[in-house]
Amino acid sequence: TFPATEKSSMDFVYDSFADQPDKLPRDIQYEKLLKFIHAYGQDLTGLESQLEEPQTDGWDIFADPIRLDFEPRSNETLEDILGFVNRDNKIFFKLMMTFPAIACELQSLVAEAKEKYVPVLCVFGEQPIGSEGRESDEALCFGRILPLLQDLWNYCERVYLVVLHLIRQLASLYSKKNRKKSPLTAYLNVRFAPIWRTLAEALGVLVQFDEIVRQNEAFSNCATVFKRMMRTVRNAPEKYETDGPSAKRFEYLMQKLEGDLLDDLIFQNCVDREFDERSCDILVRDNAEFMAEFFGALNSLYTFYTTENCVEINKRHAMVGFCGLFVMFSTIFRDKLRKDAKYTEMLTKVWGLQKQMSLIHLGSTYTFHIGEWLARRIPDFVNVTFKTRNADISGSKTALLHSLADMDAIIMEKYNKITVWSSRLESKPSIHQDHQDVINVQARLLVQGIAHAWEVSNLLKSFLLVHMVVDSPFNRDKILAAMRLVEMLKAIVATYHRKSTTIGNMQSLLVDKACYKISRLISPLKQKLEHNQQKLDDAQIDQLSALELMIHVLQGAPTKTHLLVIKMALCVAQQKTANPIIDTQALVEISGYVRHLELIAHFQGLVSEACDCSILYYFEELLDVYFKAIVKSPELINSLPYITMALHDAAPVLLKVQHLSEAEALLNAFVKCIIDKIDTEITHPVKRSIEDELRLHIHSVVLGSDSRDISKIGHFRDWSRFVKLPTFNFFGQQVSFRTAITEYLDEQFYNLTAISSHDWKTYEELRSLAKEKYDLSLLEVHLPGAIIEQGLDVLEITRNIHVFVGRYNYNLNGQFFVEKPSTTKSNHLHTIHIRHVSNSIRTHGTGIMNTTVNFVFQFLGKKFFIFSQFLYDDHIKSRLMKDYRSFLEQRDDYKGLYPFKKAEKFLKDIKKLGVTEDGKSYLDQFRELVTEIGNALGYVRMVRSGGFRYISESIKFVPDLSNVVSIGEAAERGELPEHTVSAAANLDALLNDMITKFSEGADYFKMLEEVFYTEMHKEKNQHLKNFFIILPPLMLSYVEHIITCKEKVQKKSKEATFTDDGFALGCAFVLKLLRQEKQFDGLQWEEGWNAYYDANLEVSRAQIEEKRAKDAAQMKGKKKVQPSAAVENEISTMTLSQNKIITSKRECDVLWKTYHSTTVFFKDRNATDKKDDGDEEEEEEEEEEA
């Protein structure tokens, strides 16, 4: 409550009160409402004028995340729909309950087949694009789809049962016993066309199953492999955790399933059933009345589907069910039809349908051909009636191909119709146009769009399938024609989507008007019957009940069940009597309005089904030509969003795959394939073309170069179309040519400016030209005069140390790593230096130094395992022991020097054990292993040096490291605040830590040596004691390798390099780790190697001098002073050999100097090491004595 003294802020305004009002309250409120609406409209107009774009009711199908669902729904059961109307007419009510219930059951089964089974069967056997299936995969695929086949088996049994029940119900109705006085006598003149159509749809699904399984070879192949596998299981069930009886029972069920589902018997098992039920006095095969009604229904359906002005939308697919119904009739009454002239005439009509509908699409690339199917199902009738059946079948396919020869004219006609329709649908009606005329026009346009969609869809699928069936190749024009049909289909979808709000507002009006039209036509008929209600016979009473039921049901939602009841009631109302209550004209009008109501109520599902382009998945190779055509003809680029939208239709089918381990495998591979094709065939060529065009323009205009005049270049293409194309979505990925072109030009201009910084003005001109010509906002390319070098991230290198040591070479002197040219496609090589490590430490902190050692320790552990395996090999171990024993026995003969020939022979012999594809022996691979160990140690050394550099740069602001003043103590003495003292203490701790690290550092090599020492000297690793024996041939291998690499530097080869000091560092570390330095030095390999080169070099020089002296002696006394050509060639050859020896000796010297340099890192630092060395000397002396 508010205080009495305060005034409330809630001031209510009341309408003024008049004692004698001159207006009614209703009129006053109406005027207020008009003022409010007028003011609100002015506000909306002002708001719209302030926006950049006017607000319309158009939706964008490429950007909208939602769409409206117009499908009518109802929770009413069939009994609720019928209500309490005419329940007194028990026979009529019973029929309206029985037949619609069976029809609804069949409709739900048909919907289940389309949703659950057909997509899975269509994609069975498909493998992700770019993958190849194996025989073992076929068994797995069949095993994964086996549960679905079991469900399909049960599903077919359910369909058989419902069809059997329906046939018996119809046979009970159309029976001879009902000709006499019976409550059902009146219904003998009623033809329930909706029931026959529903039965045909159900049979069409069974035919579709048969054709898909028969034409899909994957079923037979996978089933064969699976049965072969099951025979193996049956022969040895204990290996597969089963028993013999279970395996045999499963194999039996498998054979029965194969016979029922995979042997083209799904439909045949349905029509071959025993329909007669003698116990209930239900006769089917001998029922003449039912046979006549069946034949009459076939004639009616044939007339309906072949009429030119037929409003049936999906006639092609309905024709599959019609053929199934015809074969069912032929099978049931086979004996009575052999000499029936009317049947022969009907068969001739049905056979002739293949000329109108040669190929009917069933899903994927599977087709239904009327002639081929009839010849396979009823061969006895076809063979007798048609002598040229094979020619008729092939002729129908050829005729279809010829009829589609002039596709340009056909497409232009369809294009004009759809363009006119779209324009009329999107146009706003005039304010002066009558409201009823607007509704009528909108209704006609809504239905016309559905008809156009089905026409284009049938044309597209026929065009693609006939070329596949007759094996006719596609050329560029045909592919573009097919893509234009796809574009038209998706344009229809986009048009409906743009008018979603208008259609949503109009649909209820259109439905109400259709219901009103139907009610207005049948109400007089109902009144006429009610007027003479006392004189009505049974048939007229049923007609009156049917009319009353139609009026009642029209008041509900136009669901499929409601419409089915309306159609059934209409069939009863139009029954053939002496005085029909509905004349032909009224019947045509009522039937038309009912069909019109069905199309308007369910237009969204019909449009979605008609515009489904999932068939493009199976013709994805055509997209390559289409994408290339877009680049050659940029005006086609506007169709690309529609084509990619059509490719989305394959997703629901591909996601239902069950024979693969991952349901998304097919879809993901398909999306990746399309994205790659767009990038390869469109994006990359367009980017380069735009760059070339900009450069040509600059050369001809800015630089004044007339050598290339773009005005003289033919085939001018408007690349701006690609830039202006709005961004569109493709399976969650945004495709934007503008963005791709902008990023490409930014990258190109920046890189070229970085290479040639003096050309930055030229690229600025290019950037301005791109903005003017293509409205591209590029980055400025002028680079600053200085750069900040960060280098590669050391933390990332540490995480991938196993990759790094194999892709980089180490330089001991410069203490840097350089990338191997053979491991990169770039023309530039990465280098890692101490400053890069210092920068990374500054970024991540000094903790990465310990992280590096941990990663290197783990890496070395894996490498030493391989190291040990190599030396443990019998070929290697026995050879090393043999060579060392031979050396000890002949040491005096060799003067204590390990012989070069022995190392060289070892190197050659090891190659005999085999080489890899790139020519590397086992010793070469072992050398690379030692090199990688050395590279890892070199990386640790560089990280340690980088840490010193970082600390030195950080601590350089401390004036005197030997006399550091404690800032924390000074803060305490100054009685500063507590948080200041705490911060000063932290600074002291940081300075002390940095000074300690700077003065002492950490010996990571020693740490690694201590970690691995114990493990390497265990009893199980005694075979490692022979490592020093393998070093001589290993060093020879290294020298040959480094000489080859350096020679390739001048040739610019990918195998070229100039440094690889990781080998020397690795050798020194392993020798130290195994405590074999003294043993290796005892070989005196360095002296023996140098002595060998010196001796060979001396011999080579002596031979050259001797040759020259001998030639000079022969020329003495002759006029010719120059040596002969033969002698000169011999001298050149000797010189080359001499140079090779010099090169080898030089590389040998470099290796030894590098090796001796690395031994500094592993000098003894305590007495324990000296003791160990003394023990090793004693062991060596004992070995020599032995």
# chains A, B, ... in the order shown; residues from 1 in each chain; ligands from 1
>>> select_by_dssp(residues="range 594-650 of chain A", states="helix (DSSP H, G or I)", output="ChimeraX atom specification")
/A:594-601,603-610,614-619,622-632,634-647,650
>>> select_by_dssp(residues="range 272-478 of chain A", states="strand (DSSP E)", output="PyMOL selection string")
chain A and resi 360-363+366-368
>>> residues_around(residues="Leu337 in chain A", least_positions_apart="6", cutoff="12 Å", atoms="only C-alpha atoms", output="count of residues only")
17
>>> atom_distance(atom1="CA of Thr762 in chain A", atom2="CA of His699 in chain A")
9.8 Å
>>> closest_residue(among="A:Met319, A:Ala651, A:Met407, A:Val625", to="Lys677 in chain A", atoms="only C-alpha atoms")
A:Val625
>>> closest_atom_pairs(of="range 310-348 of chain A", to="range 273-279 of chain A", cutoff="12 Å", atoms="only C-alpha atoms", output="Markdown table")
| residue | atom | partner | partner_atom | distance |
| --- | --- | --- | --- | --- |
| A:Met328 | CA | A:Arg273 | CA | 10.3 |
| A:Thr331 | CA | A:Arg273 | CA | 10.0 |
| A:Ile332 | CA | A:Phe275 | CA | 8.5 |
| A:Phe333 | CA | A:Phe275 | CA | 11.4 |
>>> write_last_selection(atoms="all heavy atoms", output="tab-separated table (two decimals), in the first residue's frame")
chain	number	residue	atom	x	y	z
A	328	MET	N	-1.07	-59.71	-60.56
A	328	MET	CA	-1.85	-60.44	-59.55
A	328	MET	C	-3.15	-60.96	-60.15
A	328	MET	O	-3.53	-62.13	-59.94
A	328	MET	CB	-2.13	-59.52	-58.35
A	328	MET	CG	-3.12	-60.14	-57.36
A	328	MET	SD	-3.45	-59.10	-55.95
A	328	MET	CE	-2.22	-59.74	-54.82
A	331	THR	N	-2.36	-63.85	-62.38
A	331	THR	CA	-1.95	-65.06	-61.65
A	331	THR	C	-3.14	-65.75	-60.99
A	331	THR	O	-3.26	-66.97	-61.02
A	331	THR	CB	-0.90	-64.69	-60.60
A	331	THR	OG1	0.20	-64.03	-61.24
A	331	THR	CG2	-0.38	-65.92	-59.89
A	332	ILE	N	-4.01	-64.94	-60.37
A	332	ILE	CA	-5.15	-65.54	-59.67
A	332	ILE	C	-6.10	-66.23	-60.64
A	332	ILE	O	-6.58	-67.34	-60.40
A	332	ILE	CB	-5.88	-64.45	-58.86
A	332	ILE	CG1	-4.99	-63.93	-57.73
A	332	ILE	CG2	-7.18	-65.01	-58.27
A	332	ILE	CD1	-5.59	-62.78	-56.94
A	333	PHE	N	-6.36	-65.58	-61.78
A	333	PHE	CA	-7.33	-66.11	-62.74
A	333	PHE	C	-6.63	-66.61	-64.01
A	333	PHE	O	-7.12	-66.43	-65.12
A	333	PHE	CB	-8.36	-65.03	-63.10
A	333	PHE	CG	-9.05	-64.42	-61.91
A	333	PHE	CD1	-8.71	-63.15	-61.45
A	333	PHE	CD2	-10.03	-65.12	-61.22
A	333	PHE	CE1	-9.34	-62.59	-60.35
A	333	PHE	CE2	-10.67	-64.57	-60.12
A	333	PHE	CZ	-10.32	-63.30	-59.68
>>> residues_around(residues="Val123 in chain A", least_positions_apart="2", cutoff="12 Å", atoms="only C-alpha atoms", output="MDAnalysis selection string")
chainID A and resid 117:121 125:128 141 145 212:213 216:219 363:366 614:615 617:618 650:660 663 666:667
>>> atom_distance(atom1="CA of Lys1140 in chain A", atom2="CA of Lys1052 in chain A")
20.9 Å
>>> closest_atom_pairs(of="range 209-328 of chain A", to="range 166-186 of chain A", cutoff="6 Å", atoms="only C-alpha atoms", output="tab-separated table")
residue	atom	partner	partner_atom	distance
A:Val284	CA	A:Ala171	CA	5.8
A:Glu289	CA	A:Tyr174	CA	5.6
A:Phe290	CA	A:Tyr174	CA	5.0
>>> residues_around(residues="Ile450 in chain A", least_positions_apart="3", cutoff="10 Å", atoms="only C-alpha atoms", output="ChimeraX atom specification")
/A:313-314,445-447,453-455,492-493,599-600,603-611
>>> residues_around(residues="Ile551 in chain A", least_positions_apart="5", cutoff="10 Å", atoms="only C-alpha atoms", output="PDB file with C-alpha atoms, in the first residue's frame")
ATOM      1  CA  CYS A 515     -14.363 -28.050 -48.717  1.00  0.00           C
ATOM      2  CA  TYR A 516     -17.015 -25.427 -49.295  1.00  0.00           C
ATOM      3  CA  ILE A 518     -17.579 -29.938 -52.296  1.00  0.00           C
ATOM      4  CA  SER A 519     -20.238 -29.284 -49.650  1.00  0.00           C
ATOM      5  CA  ARG A 520     -22.135 -26.959 -51.964  1.00  0.00           C
ATOM      6  CA  ILE A 522     -23.403 -32.468 -52.466  1.00  0.00           C
ATOM      7  CA  SER A 523     -25.791 -30.559 -50.202  1.00  0.00           C
ATOM      8  CA  LYS A 526     -28.472 -34.766 -49.798  1.00  0.00           C
ATOM      9  CA  ALA A 546     -22.358 -41.447 -47.731  1.00  0.00           C
ATOM     10  CA  GLY A 556     -12.076 -31.957 -39.954  1.00  0.00           C
ATOM     11  CA  ILE A 566     -14.208 -38.936 -48.210  1.00  0.00           C
TER      12      ILE A 566
END
>>> atom_distance(atom1="CA of Ser403 in chain A", atom2="CA of Lys387 in chain A")
25.1 Å
>>> residues_around(residues="Trp421 in chain A", least_positions_apart="4", cutoff="10 Å", atoms="only C-alpha atoms", output="ChimeraX atom specification")
/A:415-417,425-427,445-446,448-449,452,492,495
>>> closest_residue(among="A:Leu199, A:Val803, A:Val469, A:Ile678", to="Phe322 in chain A", atoms="only C-alpha atoms")
A:Leu199
>>> closest_residue(among="A:Glu693, A:Asp746, A:Asp1149, A:Asp1061", to="Asn1090 in chain A", atoms="only C-alpha atoms")
A:Asp1149
>>> closest_residue(among="A:Gly296, A:Lys478, A:Thr501, A:Phe226", to="Asp60 in chain A", atoms="only C-alpha atoms")
A:Thr501
>>> decode(residues="range 417-458 of chain A", atoms="N, CA and C atoms", output="PDB file, in the first residue's frame")
ATOM      1  N   LYS A 417       7.924 -22.269 -68.933  1.00  0.00           N
ATOM      2  CA  LYS A 417       6.739 -22.524 -68.115  1.00  0.00           C
ATOM      3  C   LYS A 417       7.018 -22.254 -66.647  1.00  0.00           C
ATOM      4  N   ILE A 418       8.160 -22.743 -66.161  1.00  0.00           N
ATOM      5  CA  ILE A 418       8.475 -22.566 -64.744  1.00  0.00           C
ATOM      6  C   ILE A 418       8.749 -21.105 -64.423  1.00  0.00           C
ATOM      7  N   THR A 419       9.380 -20.400 -65.354  1.00  0.00           N
ATOM      8  CA  THR A 419       9.645 -18.974 -65.123  1.00  0.00           C
ATOM      9  C   THR A 419       8.346 -18.188 -65.012  1.00  0.00           C
ATOM     10  N   VAL A 420       7.424 -18.457 -65.910  1.00  0.00           N
ATOM     11  CA  VAL A 420       6.120 -17.773 -65.857  1.00  0.00           C
ATOM     12  C   VAL A 420       5.386 -18.137 -64.574  1.00  0.00           C
ATOM     13  N   TRP A 421       5.409 -19.424 -64.231  1.00  0.00           N
ATOM     14  CA  TRP A 421       4.733 -19.843 -63.000  1.00  0.00           C
ATOM     15  C   TRP A 421       5.342 -19.181 -61.770  1.00  0.00           C
ATOM     16  N   SER A 422       6.672 -19.155 -61.688  1.00  0.00           N
ATOM     17  CA  SER A 422       7.338 -18.551 -60.531  1.00  0.00           C
ATOM     18  C   SER A 422       7.033 -17.067 -60.431  1.00  0.00           C
ATOM     19  N   SER A 423       7.035 -16.395 -61.565  1.00  0.00           N
ATOM     20  CA  SER A 423       6.748 -14.950 -61.557  1.00  0.00           C
ATOM     21  C   SER A 423       5.329 -14.677 -61.088  1.00  0.00           C
ATOM     22  N   ARG A 424       4.399 -15.482 -61.542  1.00  0.00           N
ATOM     23  CA  ARG A 424       3.006 -15.276 -61.147  1.00  0.00           C
ATOM     24  C   ARG A 424       2.798 -15.603 -59.676  1.00  0.00           C
ATOM     25  N   LEU A 425       3.488 -16.669 -59.181  1.00  0.00           N
ATOM     26  CA  LEU A 425       3.320 -17.028 -57.779  1.00  0.00           C
ATOM     27  C   LEU A 425       3.912 -15.976 -56.848  1.00  0.00           C
ATOM     28  N   GLU A 426       5.016 -15.367 -57.259  1.00  0.00           N
ATOM     29  CA  GLU A 426       5.681 -14.384 -56.399  1.00  0.00           C
ATOM     30  C   GLU A 426       5.146 -12.969 -56.576  1.00  0.00           C
ATOM     31  N   SER A 427       4.313 -12.771 -57.577  1.00  0.00           N
ATOM     32  CA  SER A 427       3.756 -11.428 -57.777  1.00  0.00           C
ATOM     33  C   SER A 427       2.663 -11.159 -56.759  1.00  0.00           C
ATOM     34  N   LYS A 428       2.551  -9.910 -56.378  1.00  0.00           N
ATOM     35  CA  LYS A 428       1.545  -9.518 -55.409  1.00  0.00           C
ATOM     36  C   LYS A 428       0.244  -9.184 -56.127  1.00  0.00           C
ATOM     37  N   PRO A 429      -0.876  -9.655 -55.618  1.00  0.00           N
ATOM     38  CA  PRO A 429      -2.155  -9.346 -56.276  1.00  0.00           C
ATOM     39  C   PRO A 429      -2.493  -7.868 -56.168  1.00  0.00           C
ATOM     40  N   SER A 430      -3.246  -7.407 -57.113  1.00  0.00           N
ATOM     41  CA  SER A 430      -3.666  -6.015 -57.116  1.00  0.00           C
ATOM     42  C   SER A 430      -4.704  -5.786 -56.022  1.00  0.00           C
ATOM     43  N   ILE A 431      -4.671  -4.591 -55.476  1.00  0.00           N
ATOM     44  CA  ILE A 431      -5.631  -4.271 -54.413  1.00  0.00           C
ATOM     45  C   ILE A 431      -7.047  -4.179 -54.965  1.00  0.00           C
ATOM     46  N   HIS A 432      -7.169  -3.974 -56.291  1.00  0.00           N
ATOM     47  CA  HIS A 432      -8.496  -3.884 -56.904  1.00  0.00           C
ATOM     48  C   HIS A 432      -9.014  -5.248 -57.346  1.00  0.00           C
ATOM     49  N   GLN A 433      -8.202  -6.296 -57.212  1.00  0.00           N
ATOM     50  CA  GLN A 433      -8.599  -7.615 -57.664  1.00  0.00           C
ATOM     51  C   GLN A 433      -9.539  -8.250 -56.646  1.00  0.00           C
ATOM     52  N   ASP A 434     -10.527  -8.969 -57.152  1.00  0.00           N
ATOM     53  CA  ASP A 434     -11.506  -9.603 -56.287  1.00  0.00           C
ATOM     54  C   ASP A 434     -10.832 -10.653 -55.406  1.00  0.00           C
ATOM     55  N   HIS A 435     -11.299 -10.721 -54.156  1.00  0.00           N
ATOM     56  CA  HIS A 435     -10.693 -11.642 -53.199  1.00  0.00           C
ATOM     57  C   HIS A 435     -10.848 -13.093 -53.640  1.00  0.00           C
ATOM     58  N   GLN A 436     -11.989 -13.463 -54.171  1.00  0.00           N
ATOM     59  CA  GLN A 436     -12.208 -14.833 -54.624  1.00  0.00           C
ATOM     60  C   GLN A 436     -11.312 -15.162 -55.815  1.00  0.00           C
ATOM     61  N   ASP A 437     -11.099 -14.197 -56.703  1.00  0.00           N
ATOM     62  CA  ASP A 437     -10.214 -14.435 -57.843  1.00  0.00           C
ATOM     63  C   ASP A 437      -8.774 -14.672 -57.374  1.00  0.00           C
ATOM     64  N   VAL A 438      -8.358 -13.940 -56.345  1.00  0.00           N
ATOM     65  CA  VAL A 438      -7.006 -14.127 -55.808  1.00  0.00           C
ATOM     66  C   VAL A 438      -6.843 -15.539 -55.257  1.00  0.00           C
ATOM     67  N   ILE A 439      -7.834 -16.005 -54.532  1.00  0.00           N
ATOM     68  CA  ILE A 439      -7.757 -17.352 -53.956  1.00  0.00           C
ATOM     69  C   ILE A 439      -7.711 -18.394 -55.058  1.00  0.00           C
ATOM     70  N   ASN A 440      -8.553 -18.207 -56.094  1.00  0.00           N
ATOM     71  CA  ASN A 440      -8.569 -19.178 -57.199  1.00  0.00           C
ATOM     72  C   ASN A 440      -7.229 -19.227 -57.920  1.00  0.00           C
ATOM     73  N   VAL A 441      -6.643 -18.057 -58.161  1.00  0.00           N
ATOM     74  CA  VAL A 441      -5.351 -18.009 -58.858  1.00  0.00           C
ATOM     75  C   VAL A 441      -4.263 -18.663 -58.023  1.00  0.00           C
ATOM     76  N   GLN A 442      -4.252 -18.375 -56.728  1.00  0.00           N
ATOM     77  CA  GLN A 442      -3.240 -18.965 -55.860  1.00  0.00           C
ATOM     78  C   GLN A 442      -3.388 -20.486 -55.788  1.00  0.00           C
ATOM     79  N   ALA A 443      -4.601 -20.966 -55.782  1.00  0.00           N
ATOM     80  CA  ALA A 443      -4.824 -22.410 -55.738  1.00  0.00           C
ATOM     81  C   ALA A 443      -4.308 -23.067 -57.003  1.00  0.00           C
ATOM     82  N   ARG A 444      -4.615 -22.468 -58.164  1.00  0.00           N
ATOM     83  CA  ARG A 444      -4.134 -23.034 -59.426  1.00  0.00           C
ATOM     84  C   ARG A 444      -2.615 -23.017 -59.497  1.00  0.00           C
ATOM     85  N   LEU A 445      -2.000 -21.931 -59.044  1.00  0.00           N
ATOM     86  CA  LEU A 445      -0.542 -21.831 -59.087  1.00  0.00           C
ATOM     87  C   LEU A 445       0.109 -22.836 -58.144  1.00  0.00           C
ATOM     88  N   LEU A 446      -0.528 -23.050 -56.997  1.00  0.00           N
ATOM     89  CA  LEU A 446       0.030 -24.005 -56.050  1.00  0.00           C
ATOM     90  C   LEU A 446       0.068 -25.405 -56.650  1.00  0.00           C
ATOM     91  N   VAL A 447      -0.979 -25.773 -57.357  1.00  0.00           N
ATOM     92  CA  VAL A 447      -1.041 -27.103 -57.962  1.00  0.00           C
ATOM     93  C   VAL A 447      -0.160 -27.173 -59.199  1.00  0.00           C
ATOM     94  N   GLN A 448      -0.094 -26.096 -59.966  1.00  0.00           N
ATOM     95  CA  GLN A 448       0.745 -26.083 -61.170  1.00  0.00           C
ATOM     96  C   GLN A 448       2.212 -26.321 -60.830  1.00  0.00           C
ATOM     97  N   GLY A 449       2.668 -25.759 -59.735  1.00  0.00           N
ATOM     98  CA  GLY A 449       4.060 -25.961 -59.345  1.00  0.00           C
ATOM     99  C   GLY A 449       4.363 -27.428 -59.075  1.00  0.00           C
ATOM    100  N   ILE A 450       3.410 -28.131 -58.448  1.00  0.00           N
ATOM    101  CA  ILE A 450       3.616 -29.558 -58.194  1.00  0.00           C
ATOM    102  C   ILE A 450       3.715 -30.314 -59.510  1.00  0.00           C
ATOM    103  N   ALA A 451       2.820 -29.991 -60.458  1.00  0.00           N
ATOM    104  CA  ALA A 451       2.847 -30.667 -61.758  1.00  0.00           C
ATOM    105  C   ALA A 451       4.148 -30.388 -62.498  1.00  0.00           C
ATOM    106  N   HIS A 452       4.603 -29.134 -62.482  1.00  0.00           N
ATOM    107  CA  HIS A 452       5.877 -28.793 -63.133  1.00  0.00           C
ATOM    108  C   HIS A 452       7.027 -29.557 -62.492  1.00  0.00           C
ATOM    109  N   ALA A 453       7.007 -29.677 -61.181  1.00  0.00           N
ATOM    110  CA  ALA A 453       8.098 -30.383 -60.493  1.00  0.00           C
ATOM    111  C   ALA A 453       8.151 -31.845 -60.918  1.00  0.00           C
ATOM    112  N   TRP A 454       7.009 -32.498 -60.993  1.00  0.00           N
ATOM    113  CA  TRP A 454       7.012 -33.910 -61.392  1.00  0.00           C
ATOM    114  C   TRP A 454       7.414 -34.083 -62.844  1.00  0.00           C
ATOM    115  N   GLU A 455       7.012 -33.171 -63.704  1.00  0.00           N
ATOM    116  CA  GLU A 455       7.407 -33.275 -65.111  1.00  0.00           C
ATOM    117  C   GLU A 455       8.923 -33.170 -65.263  1.00  0.00           C
ATOM    118  N   VAL A 456       9.514 -32.185 -64.601  1.00  0.00           N
ATOM    119  CA  VAL A 456      10.969 -32.002 -64.695  1.00  0.00           C
ATOM    120  C   VAL A 456      11.694 -33.169 -64.025  1.00  0.00           C
ATOM    121  N   SER A 457      11.172 -33.647 -62.897  1.00  0.00           N
ATOM    122  CA  SER A 457      11.808 -34.755 -62.201  1.00  0.00           C
ATOM    123  C   SER A 457      11.820 -36.009 -63.066  1.00  0.00           C
ATOM    124  N   ASN A 458      10.688 -36.325 -63.674  1.00  0.00           N
ATOM    125  CA  ASN A 458      10.626 -37.502 -64.549  1.00  0.00           C
ATOM    126  C   ASN A 458      11.550 -37.340 -65.748  1.00  0.00           C
TER     127      ASN A 458
END
